[in-house]
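**Q** One structure, as C-alpha cells, below. Some questions next.
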There are 2 protein chains.
Amino acid sequence: MNTEDKSLFQFFNEIGIINQLSSALFQARLPDGLHVSHFAVLNHLVRLGDEKTPLAIANAFQVPKTTMTHTLAVLEKRYFIRMAPHETDGRSKVVFLTDAGRQMQRDAISSMDGPLRQMADDLGAELFTELLPALERVRTYLDTHRDM
Amino acid sequence: MNTEDKSLFQFFNEIGIINQLSSALFQARLPDGLHVSHFAVLNHLVRLGDEKTPLAIANAFQVPKTTMTHTLAVLEKRYFIRMAPHETDGRSKVVFLTDAGRQMQRDAISSMDGPLRQMADDLGAELFTELLPALERVRTYLDTHRDM
DNA sequence: ATCATATTGTACGATGTCGAACTATATGGA
DNA sequence: TCCATATAGTTCGACATCGTACAATATGAT
C-alpha cells in the first residue's frame, strides 16, 4: 500500500469515526427509542417523496431488502408509514408516509437544532459547506461503483 | 432549521451514506467472514500499538464496552489477539496482537488495494488528502463534545 | 398458452450492537 | 484499617442487520 492509498484509507477511517460519533449524538436525541435507521427512512421519504417500493428504498440505502422489511415493519407498527399493494405489480408494495410520520421527521430534525447550531458556532458553518461538494462527489462515485 | 443547519444536516447525511457504501465495499472483500468492526480493532492495534485495555479500545471507537467485550471475544476465539491480566490493575486486561492477527490485518488491507487505487485514479488522490484535515477537525470536535 | 427464469417480499437463524444490572478490584477519605 | 464510591469487565435481554431459503407474481421465449 503506497502513500496515496494510505490517505484514502485514513479518509474512510475518519468517515467511519465521524459517523459513529454523530449517529450516537443523533440517537440520543431521537424520541421514543426510534433508531437512526428508522429516521433515515422517514427523512428519505419526506425529501424525495413517498409512494416508493420497499426494494427501491433498500437500494437507495444500499441495505439488503430483508433489513428494509424489518425497518418498515417497525415504522408501520408505529403508524409512521402505511403500506399498500402495488397497483400494477402483484409482487410489490408501496410505502406511504402518514401525517404522524411527517410530524416525527420534523420533530427529529428540530431535536437536533441545538447541537447543529452549537457546531456551526464552534467550527464555523463554512467548514461544512466547503466540504459538501467534495463529499457529494465521493458519495456519487461510490454509489455508481458498487460492484467495484 | 435555518440554512446553516441544513448544510450541517446534509453534511452528516453524506457522511452516513459514504460510510454505508464504503463499509459494504470493505465488508465484501474481508476474508473469512470477518466483520468491519473486527478489522477496525486489528487495524487500530497495529497502527497505534497493542497492549491496550479493552476499555481504552472501546473509548477509541466510541462504542460501549459491552460491544468491545463481544468484538474482542470473537477476535480471541480466532486467535487474532490474546488477552492477559493487567500487570498492576486486577480489574483490567491487556490485549495483544498475535502473529495471525497482524497477518490478517495485512491481508485485509491488501484486499482493498485494488478499489483504493481505482478510486485514487478516478477521483484523484488530492481530493482525499485535501479533505482529511477538515474531517479530522470535525472528528476531534465531536470526540471532545460527546455530551453535547 | 406454457414454462423457465427473474423479481419482490417474507420467514428464519446467526451474529452485531447496546443498555441495565452485576461482580471484582481499586481508590480515597474518615 | 474500614468503608463508600469509582472503575473494568462480563452477563443478559432487546433489538438491528444480514444471508439463505422460500412463496408469490411477472416476464419473455417458444
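Every chain in the C-alpha cells has a letter given in the order shown (A, B, ...), and although residue numbers restart at 1 in each chain, ligands are simply numbered from 1 in the order shown.
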Can you list, as a ChimeraX atom specification, every protein, DNA or RNA residue that comes within 10 Å of A:Ala56 when you count only C-alpha atoms (C1' of nucleotides), leaving out same-chain residues fewer than 5 positions away?

**A** /A:61-62,65,68,94

**Q** Can you write out the residues you just picked, keeping C-alpha atoms, as a CSV table (one decimal), in the first residue's frame?

**A**
```csv
chain,number,residue,atom,x,y,z
A,61,PHE,CA,-29.7,3.0,1.3
A,62,GLN,CA,-27.7,0.1,0.0
A,65,LYS,CA,-34.1,-6.0,1.4
A,68,MET,CA,-35.7,-2.9,4.9
A,94,VAL,CA,-46.0,0.8,-2.0
```

**Q** Counting only C-alpha atoms, collect the residues of chain B whose closest atom lies at most 7 Å from chain A, and write them out as a ChimeraX atom specification.

**A** /B:1,4-5,7-8,11,14-19,21,61-62,110,113,115-117,125,128-129,132,135-136,139,142,148

**Q** Least-squares superpose chain B onto chain A - every C-alpha atom, paired in order - and show me the moved coordinates as an mmCIF file with C-alpha atoms, in the first residue's frame.

**A**
```
data_model
loop_
_atom_site.group_PDB
_atom_site.id
_atom_site.type_symbol
_atom_site.label_atom_id
_atom_site.label_comp_id
_atom_site.auth_asym_id
_atom_site.auth_seq_id
_atom_site.Cartn_x
_atom_site.Cartn_y
_atom_site.Cartn_z
ATOM 1 C CA MET B 1 0.314 0.199 0.406
ATOM 2 C CA ASN B 2 1.740 3.489 -0.804
ATOM 3 C CA THR B 3 1.226 7.010 0.493
ATOM 4 C CA GLU B 4 -1.793 7.681 -1.689
ATOM 5 C CA ASP B 5 -3.484 4.554 -0.439
ATOM 6 C CA LYS B 6 -2.731 5.569 3.135
ATOM 7 C CA SER B 7 -4.539 8.852 2.606
ATOM 8 C CA LEU B 8 -7.577 7.096 1.243
ATOM 9 C CA PHE B 9 -7.495 4.605 4.057
ATOM 10 C CA GLN B 10 -7.268 7.402 6.566
ATOM 11 C CA PHE B 11 -10.122 9.178 4.805
ATOM 12 C CA PHE B 12 -12.503 6.249 5.248
ATOM 13 C CA ASN B 13 -11.284 5.822 8.779
ATOM 14 C CA GLU B 14 -12.280 9.392 9.593
ATOM 15 C CA ILE B 15 -15.613 8.905 7.861
ATOM 16 C CA GLY B 16 -16.272 5.861 10.022
ATOM 17 C CA ILE B 17 -15.453 7.623 13.259
ATOM 18 C CA ILE B 18 -17.476 10.714 12.389
ATOM 19 C CA ASN B 19 -20.376 8.474 11.484
ATOM 20 C CA GLN B 20 -20.108 6.636 14.772
ATOM 21 C CA LEU B 21 -19.943 9.808 16.839
ATOM 22 C CA SER B 22 -22.673 11.682 14.985
ATOM 23 C CA SER B 23 -24.983 8.674 14.971
ATOM 24 C CA ALA B 24 -24.576 8.367 18.715
ATOM 25 C CA LEU B 25 -25.422 12.035 19.023
ATOM 26 C CA PHE B 26 -28.560 11.697 16.891
ATOM 27 C CA GLN B 27 -29.553 8.514 18.597
ATOM 28 C CA ALA B 28 -29.445 10.063 22.040
ATOM 29 C CA ARG B 29 -31.914 12.732 20.977
ATOM 30 C CA LEU B 30 -34.357 10.697 18.950
ATOM 31 C CA PRO B 31 -37.731 10.397 20.655
ATOM 32 C CA ASP B 32 -39.336 7.134 21.688
ATOM 33 C CA GLY B 33 -36.372 4.870 21.234
ATOM 34 C CA LEU B 34 -36.567 5.390 17.521
ATOM 35 C CA HIS B 35 -33.398 4.140 15.842
ATOM 36 C CA VAL B 36 -31.307 6.218 13.448
ATOM 37 C CA SER B 37 -32.136 3.819 10.637
ATOM 38 C CA HIS B 38 -35.850 4.368 11.205
ATOM 39 C CA PHE B 39 -35.471 8.108 11.166
ATOM 40 C CA ALA B 40 -33.334 7.925 8.048
ATOM 41 C CA VAL B 41 -36.169 6.264 6.158
ATOM 42 C CA LEU B 42 -38.737 8.801 7.332
ATOM 43 C CA ASN B 43 -36.385 11.583 6.356
ATOM 44 C CA HIS B 44 -35.787 10.069 2.948
ATOM 45 C CA LEU B 45 -39.510 9.840 2.262
ATOM 46 C CA VAL B 46 -40.119 13.413 3.359
ATOM 47 C CA ARG B 47 -37.246 14.790 1.312
ATOM 48 C CA LEU B 48 -37.700 12.823 -1.882
ATOM 49 C CA GLY B 49 -41.378 12.021 -1.694
ATOM 50 C CA ASP B 50 -43.178 8.923 -0.495
ATOM 51 C CA GLU B 51 -45.022 6.388 -2.636
ATOM 52 C CA LYS B 52 -41.768 4.462 -3.055
ATOM 53 C CA THR B 53 -41.409 0.707 -3.099
ATOM 54 C CA PRO B 54 -39.504 -1.037 -0.285
ATOM 55 C CA LEU B 55 -36.844 -2.155 -2.731
ATOM 56 C CA ALA B 56 -36.310 1.368 -4.027
ATOM 57 C CA ILE B 57 -35.763 2.550 -0.466
ATOM 58 C CA ALA B 58 -33.415 -0.330 0.278
ATOM 59 C CA ASN B 59 -31.386 0.539 -2.814
ATOM 60 C CA ALA B 60 -31.260 4.196 -1.871
ATOM 61 C CA PHE B 61 -29.664 3.278 1.444
ATOM 62 C CA GLN B 62 -27.640 0.443 0.009
ATOM 63 C CA VAL B 63 -28.938 -2.036 2.560
ATOM 64 C CA PRO B 64 -30.266 -5.528 1.813
ATOM 65 C CA LYS B 65 -33.968 -5.674 1.162
ATOM 66 C CA THR B 66 -34.382 -7.956 4.172
ATOM 67 C CA THR B 67 -33.137 -5.176 6.380
ATOM 68 C CA MET B 68 -35.636 -2.784 4.844
ATOM 69 C CA THR B 69 -38.478 -5.240 5.368
ATOM 70 C CA HIS B 70 -37.672 -5.171 9.052
ATOM 71 C CA THR B 71 -37.240 -1.397 9.256
ATOM 72 C CA LEU B 72 -40.518 -0.760 7.453
ATOM 73 C CA ALA B 73 -42.325 -3.237 9.674
ATOM 74 C CA VAL B 74 -41.255 -1.243 12.724
ATOM 75 C CA LEU B 75 -42.324 2.044 11.149
ATOM 76 C CA GLU B 76 -45.661 0.582 10.133
ATOM 77 C CA LYS B 77 -46.323 -0.877 13.569
ATOM 78 C CA ARG B 78 -45.823 2.602 14.990
ATOM 79 C CA TYR B 79 -48.100 4.113 12.342
ATOM 80 C CA PHE B 80 -45.388 6.334 10.867
ATOM 81 C CA ILE B 81 -45.946 4.816 7.455
ATOM 82 C CA ARG B 82 -48.566 2.659 5.807
ATOM 83 C CA MET B 83 -48.047 0.186 3.023
ATOM 84 C CA ALA B 84 -50.412 -0.566 0.179
ATOM 85 C CA PRO B 85 -50.244 -3.029 -2.695
ATOM 86 C CA HIS B 86 -48.669 -1.662 -5.837
ATOM 87 C CA GLU B 87 -51.246 -0.551 -8.392
ATOM 88 C CA THR B 88 -49.822 -2.369 -11.372
ATOM 89 C CA ASP B 89 -47.199 -4.778 -10.025
ATOM 90 C CA GLY B 90 -48.629 -7.542 -7.899
ATOM 91 C CA ARG B 91 -45.245 -8.436 -6.419
ATOM 92 C CA SER B 92 -44.653 -5.005 -5.041
ATOM 93 C CA LYS B 93 -45.832 -2.658 -2.325
ATOM 94 C CA VAL B 94 -45.890 1.097 -1.996
ATOM 95 C CA VAL B 95 -44.901 3.021 1.112
ATOM 96 C CA PHE B 96 -46.798 6.125 2.223
ATOM 97 C CA LEU B 97 -45.994 8.519 5.023
ATOM 98 C CA THR B 98 -48.711 9.115 7.589
ATOM 99 C CA ASP B 99 -49.303 12.428 9.307
ATOM 100 C CA ALA B 100 -47.721 10.946 12.427
ATOM 101 C CA GLY B 101 -44.693 9.987 10.356
ATOM 102 C CA ARG B 102 -44.252 13.483 8.994
ATOM 103 C CA GLN B 103 -44.668 14.892 12.461
ATOM 104 C CA MET B 104 -42.060 12.511 13.851
ATOM 105 C CA GLN B 105 -39.592 13.561 11.180
ATOM 106 C CA ARG B 106 -40.122 17.216 12.094
ATOM 107 C CA ASP B 107 -39.745 16.476 15.797
ATOM 108 C CA ALA B 108 -36.572 14.486 15.253
ATOM 109 C CA ILE B 109 -35.046 17.222 13.158
ATOM 110 C CA SER B 110 -35.890 19.948 15.587
ATOM 111 C CA SER B 111 -34.425 17.877 18.423
ATOM 112 C CA MET B 112 -31.096 18.216 16.619
ATOM 113 C CA ASP B 113 -31.421 21.924 16.178
ATOM 114 C CA GLY B 114 -29.370 22.813 19.255
ATOM 115 C CA PRO B 115 -26.345 20.635 18.535
ATOM 116 C CA LEU B 116 -26.318 21.558 14.838
ATOM 117 C CA ARG B 117 -26.388 25.253 15.627
ATOM 118 C CA GLN B 118 -23.666 24.761 18.205
ATOM 119 C CA MET B 119 -21.480 23.036 15.643
ATOM 120 C CA ALA B 120 -22.146 25.717 13.048
ATOM 121 C CA ASP B 121 -21.108 28.326 15.596
ATOM 122 C CA ASP B 122 -17.993 26.526 16.789
ATOM 123 C CA LEU B 123 -16.644 25.176 13.520
ATOM 124 C CA GLY B 124 -18.199 27.570 11.046
ATOM 125 C CA ALA B 125 -20.945 26.567 8.654
ATOM 126 C CA GLU B 126 -18.610 27.171 5.702
ATOM 127 C CA LEU B 127 -16.554 24.159 6.748
ATOM 128 C CA PHE B 128 -19.523 21.947 6.031
ATOM 129 C CA THR B 129 -20.835 23.667 2.927
ATOM 130 C CA GLU B 130 -17.347 23.545 1.441
ATOM 131 C CA LEU B 131 -16.991 19.841 2.122
ATOM 132 C CA LEU B 132 -20.344 18.876 0.701
ATOM 133 C CA PRO B 133 -19.588 18.872 -3.040
ATOM 134 C CA ALA B 134 -16.515 16.679 -2.610
ATOM 135 C CA LEU B 135 -18.369 14.269 -0.369
ATOM 136 C CA GLU B 136 -21.147 14.043 -2.912
ATOM 137 C CA ARG B 137 -18.607 13.153 -5.575
ATOM 138 C CA VAL B 138 -17.227 10.353 -3.411
ATOM 139 C CA ARG B 139 -20.691 9.115 -2.549
ATOM 140 C CA THR B 140 -21.815 9.102 -6.160
ATOM 141 C CA TYR B 141 -18.669 7.293 -7.197
ATOM 142 C CA LEU B 142 -19.092 4.592 -4.574
ATOM 143 C CA ASP B 143 -22.748 4.317 -5.464
ATOM 144 C CA THR B 144 -21.963 3.585 -9.090
ATOM 145 C CA HIS B 145 -19.051 1.239 -8.321
ATOM 146 C CA ARG B 146 -20.636 -1.093 -5.817
ATOM 147 C CA ASP B 147 -19.152 -4.140 -7.456
ATOM 148 C CA MET B 148 -15.609 -2.829 -7.291
#
```

**Q** Using only C-alpha atoms (C1' of nucleotides), I'd like every residue of chain C that has an atom within 9 Å of chain A; please write them out as a short mmCIF file (atom, residue, chain, number, x, y, z; two decimals) with N, CA and C atoms (P, O5', C5', C4', C3', O3' and C1' of nucleotides), in the first residue's frame.

**A**
```cif
data_model
loop_
_atom_site.label_atom_id
_atom_site.label_comp_id
_atom_site.auth_asym_id
_atom_site.auth_seq_id
_atom_site.Cartn_x
_atom_site.Cartn_y
_atom_site.Cartn_z
P DT C 7 -33.90 -9.84 -12.50
"O5'" DT C 7 -35.19 -9.56 -11.61
"C5'" DT C 7 -36.38 -9.14 -12.24
"C4'" DT C 7 -37.45 -8.94 -11.21
"C3'" DT C 7 -36.98 -8.24 -9.93
"O3'" DT C 7 -37.92 -7.23 -9.63
"C1'" DT C 7 -38.09 -10.24 -9.39
P DT C 8 -37.62 -6.12 -8.51
"O5'" DT C 8 -38.63 -6.50 -7.34
"C5'" DT C 8 -40.03 -6.44 -7.56
"C4'" DT C 8 -40.76 -6.96 -6.35
"C3'" DT C 8 -40.25 -6.38 -5.02
"O3'" DT C 8 -41.33 -5.77 -4.34
"C1'" DT C 8 -40.42 -8.76 -4.93
P DG C 9 -41.03 -4.85 -3.02
"O5'" DG C 9 -41.24 -5.90 -1.85
"C5'" DG C 9 -42.55 -6.45 -1.67
"C4'" DG C 9 -42.48 -7.71 -0.83
"C3'" DG C 9 -41.94 -7.53 0.59
"O3'" DG C 9 -43.01 -7.69 1.52
"C1'" DG C 9 -41.11 -9.51 -0.45
P DT C 10 -42.72 -7.65 3.09
"O5'" DT C 10 -42.49 -9.19 3.45
"C5'" DT C 10 -43.51 -10.13 3.16
"C4'" DT C 10 -43.11 -11.51 3.65
"C3'" DT C 10 -42.73 -11.57 5.13
"O3'" DT C 10 -43.47 -12.62 5.73
"C1'" DT C 10 -41.04 -12.58 3.80
#
```

**Q** Find, counting only C-alpha atoms (C1' of nucleotides), the residue in D:DC3, D:DA26, D:DA21, D:DC15 that gets nearest to C:DT5.

**A**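 The answer is D:DA26, which sits nearest to C:DT5.
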
**Q** Starting from chain D, keep only residues with some atom at most 9 Å from an atom of chain B, counting only C-alpha atoms (C1' of nucleotides), and report them as a PyMOL selection string.

**A** chain D and resi 7-10

**Q** Go ahead and compute the interatomic distance for atom C1' of D:DA4 and atom C1' of C:DT27, in Å to one decimal.

**A**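 Here the two named atoms are 10.4 Å from each other.
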
**Q** Extract the full set of alpha helix (DSSP H) residues from stretch 2-57 of chain B according to DSSP on the backbone, and format it as number ranges by chain.

**A** B: 3-29, 36-48, 54-57

**Q** Keeping only C-alpha atoms, write the selected residues as a PDB file, in the first residue's frame.

**A**
```pdb
ATOM      1  CA  THR B   3     -29.764  27.362   6.032  1.00  0.00           C
ATOM      2  CA  GLU B   4     -26.635  26.799   8.085  1.00  0.00           C
ATOM      3  CA  ASP B   5     -28.276  23.964   9.947  1.00  0.00           C
ATOM      4  CA  LYS B   6     -29.393  22.444   6.659  1.00  0.00           C
ATOM      5  CA  SER B   7     -25.805  22.354   5.458  1.00  0.00           C
ATOM      6  CA  LEU B   8     -24.672  20.612   8.598  1.00  0.00           C
ATOM      7  CA  PHE B   9     -27.541  18.192   8.382  1.00  0.00           C
ATOM      8  CA  GLN B  10     -26.687  17.454   4.791  1.00  0.00           C
ATOM      9  CA  PHE B  11     -23.046  17.024   5.772  1.00  0.00           C
ATOM     10  CA  PHE B  12     -23.824  14.272   8.276  1.00  0.00           C
ATOM     11  CA  ASN B  13     -26.212  12.737   5.812  1.00  0.00           C
ATOM     12  CA  GLU B  14     -23.430  12.428   3.251  1.00  0.00           C
ATOM     13  CA  ILE B  15     -21.092  11.047   5.891  1.00  0.00           C
ATOM     14  CA  GLY B  16     -23.648   8.378   6.734  1.00  0.00           C
ATOM     15  CA  ILE B  17     -24.154   7.319   3.145  1.00  0.00           C
ATOM     16  CA  ILE B  18     -20.439   7.246   2.372  1.00  0.00           C
ATOM     17  CA  ASN B  19     -19.904   5.180   5.485  1.00  0.00           C
ATOM     18  CA  GLN B  20     -22.611   2.755   4.458  1.00  0.00           C
ATOM     19  CA  LEU B  21     -21.288   2.357   0.929  1.00  0.00           C
ATOM     20  CA  SER B  22     -17.619   2.101   1.862  1.00  0.00           C
ATOM     21  CA  SER B  23     -18.318  -0.323   4.693  1.00  0.00           C
ATOM     22  CA  ALA B  24     -20.214  -2.545   2.296  1.00  0.00           C
ATOM     23  CA  LEU B  25     -17.260  -2.393  -0.050  1.00  0.00           C
ATOM     24  CA  PHE B  26     -14.781  -3.336   2.683  1.00  0.00           C
ATOM     25  CA  GLN B  27     -17.059  -5.984   4.036  1.00  0.00           C
ATOM     26  CA  ALA B  28     -17.364  -7.740   0.706  1.00  0.00           C
ATOM     27  CA  ARG B  29     -13.600  -8.116   0.498  1.00  0.00           C
ATOM     28  CA  VAL B  36     -15.628  -4.489   9.566  1.00  0.00           C
ATOM     29  CA  SER B  37     -15.723  -3.881  13.303  1.00  0.00           C
ATOM     30  CA  HIS B  38     -13.314  -6.758  13.878  1.00  0.00           C
ATOM     31  CA  PHE B  39     -10.916  -5.486  11.277  1.00  0.00           C
ATOM     32  CA  ALA B  40     -11.139  -1.982  12.689  1.00  0.00           C
ATOM     33  CA  VAL B  41      -9.861  -3.211  16.039  1.00  0.00           C
ATOM     34  CA  LEU B  42      -6.988  -5.146  14.486  1.00  0.00           C
ATOM     35  CA  ASN B  43      -6.092  -2.107  12.441  1.00  0.00           C
ATOM     36  CA  HIS B  44      -6.203   0.139  15.475  1.00  0.00           C
ATOM     37  CA  LEU B  45      -3.850  -2.132  17.395  1.00  0.00           C
ATOM     38  CA  VAL B  46      -1.408  -2.348  14.508  1.00  0.00           C
ATOM     39  CA  ARG B  47      -1.397   1.393  13.918  1.00  0.00           C
ATOM     40  CA  LEU B  48      -1.272   2.631  17.485  1.00  0.00           C
ATOM     41  CA  PRO B  54     -10.473  -3.311  26.313  1.00  0.00           C
ATOM     42  CA  LEU B  55     -11.924  -0.114  27.723  1.00  0.00           C
ATOM     43  CA  ALA B  56      -9.289   2.029  26.037  1.00  0.00           C
ATOM     44  CA  ILE B  57     -10.159   0.413  22.718  1.00  0.00           C
TER      45      ILE B  57
END
```

**Q** Atom C1' of D:DA24 and atom C1' of C:DC3, how far apart in Å?

**A**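 Separating atom C1' of C:DC3 from atom C1' of D:DA24 is a distance of 16.1 Å.
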
**Q** Running DSSP on the backbone, which parts of chain A land in strand (DSSP E or B), as a list of chain:residue names?

**A**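 For chain A, the strand (DSSP E or B) set is A:Lys52, A:Ile81, A:Arg82, A:Met83, A:Ala84, A:Pro85, A:Lys93, A:Val94, A:Val95, A:Phe96, A:Leu97.
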
**Q** If you measure from atom C1' of D:DT20 to atom C1' of C:DT17, what distance in Å do you get, rounded to one decimal?

**A**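 Going from atom C1' of D:DT20 over to atom C1' of C:DT17, I get 22.3 Å.
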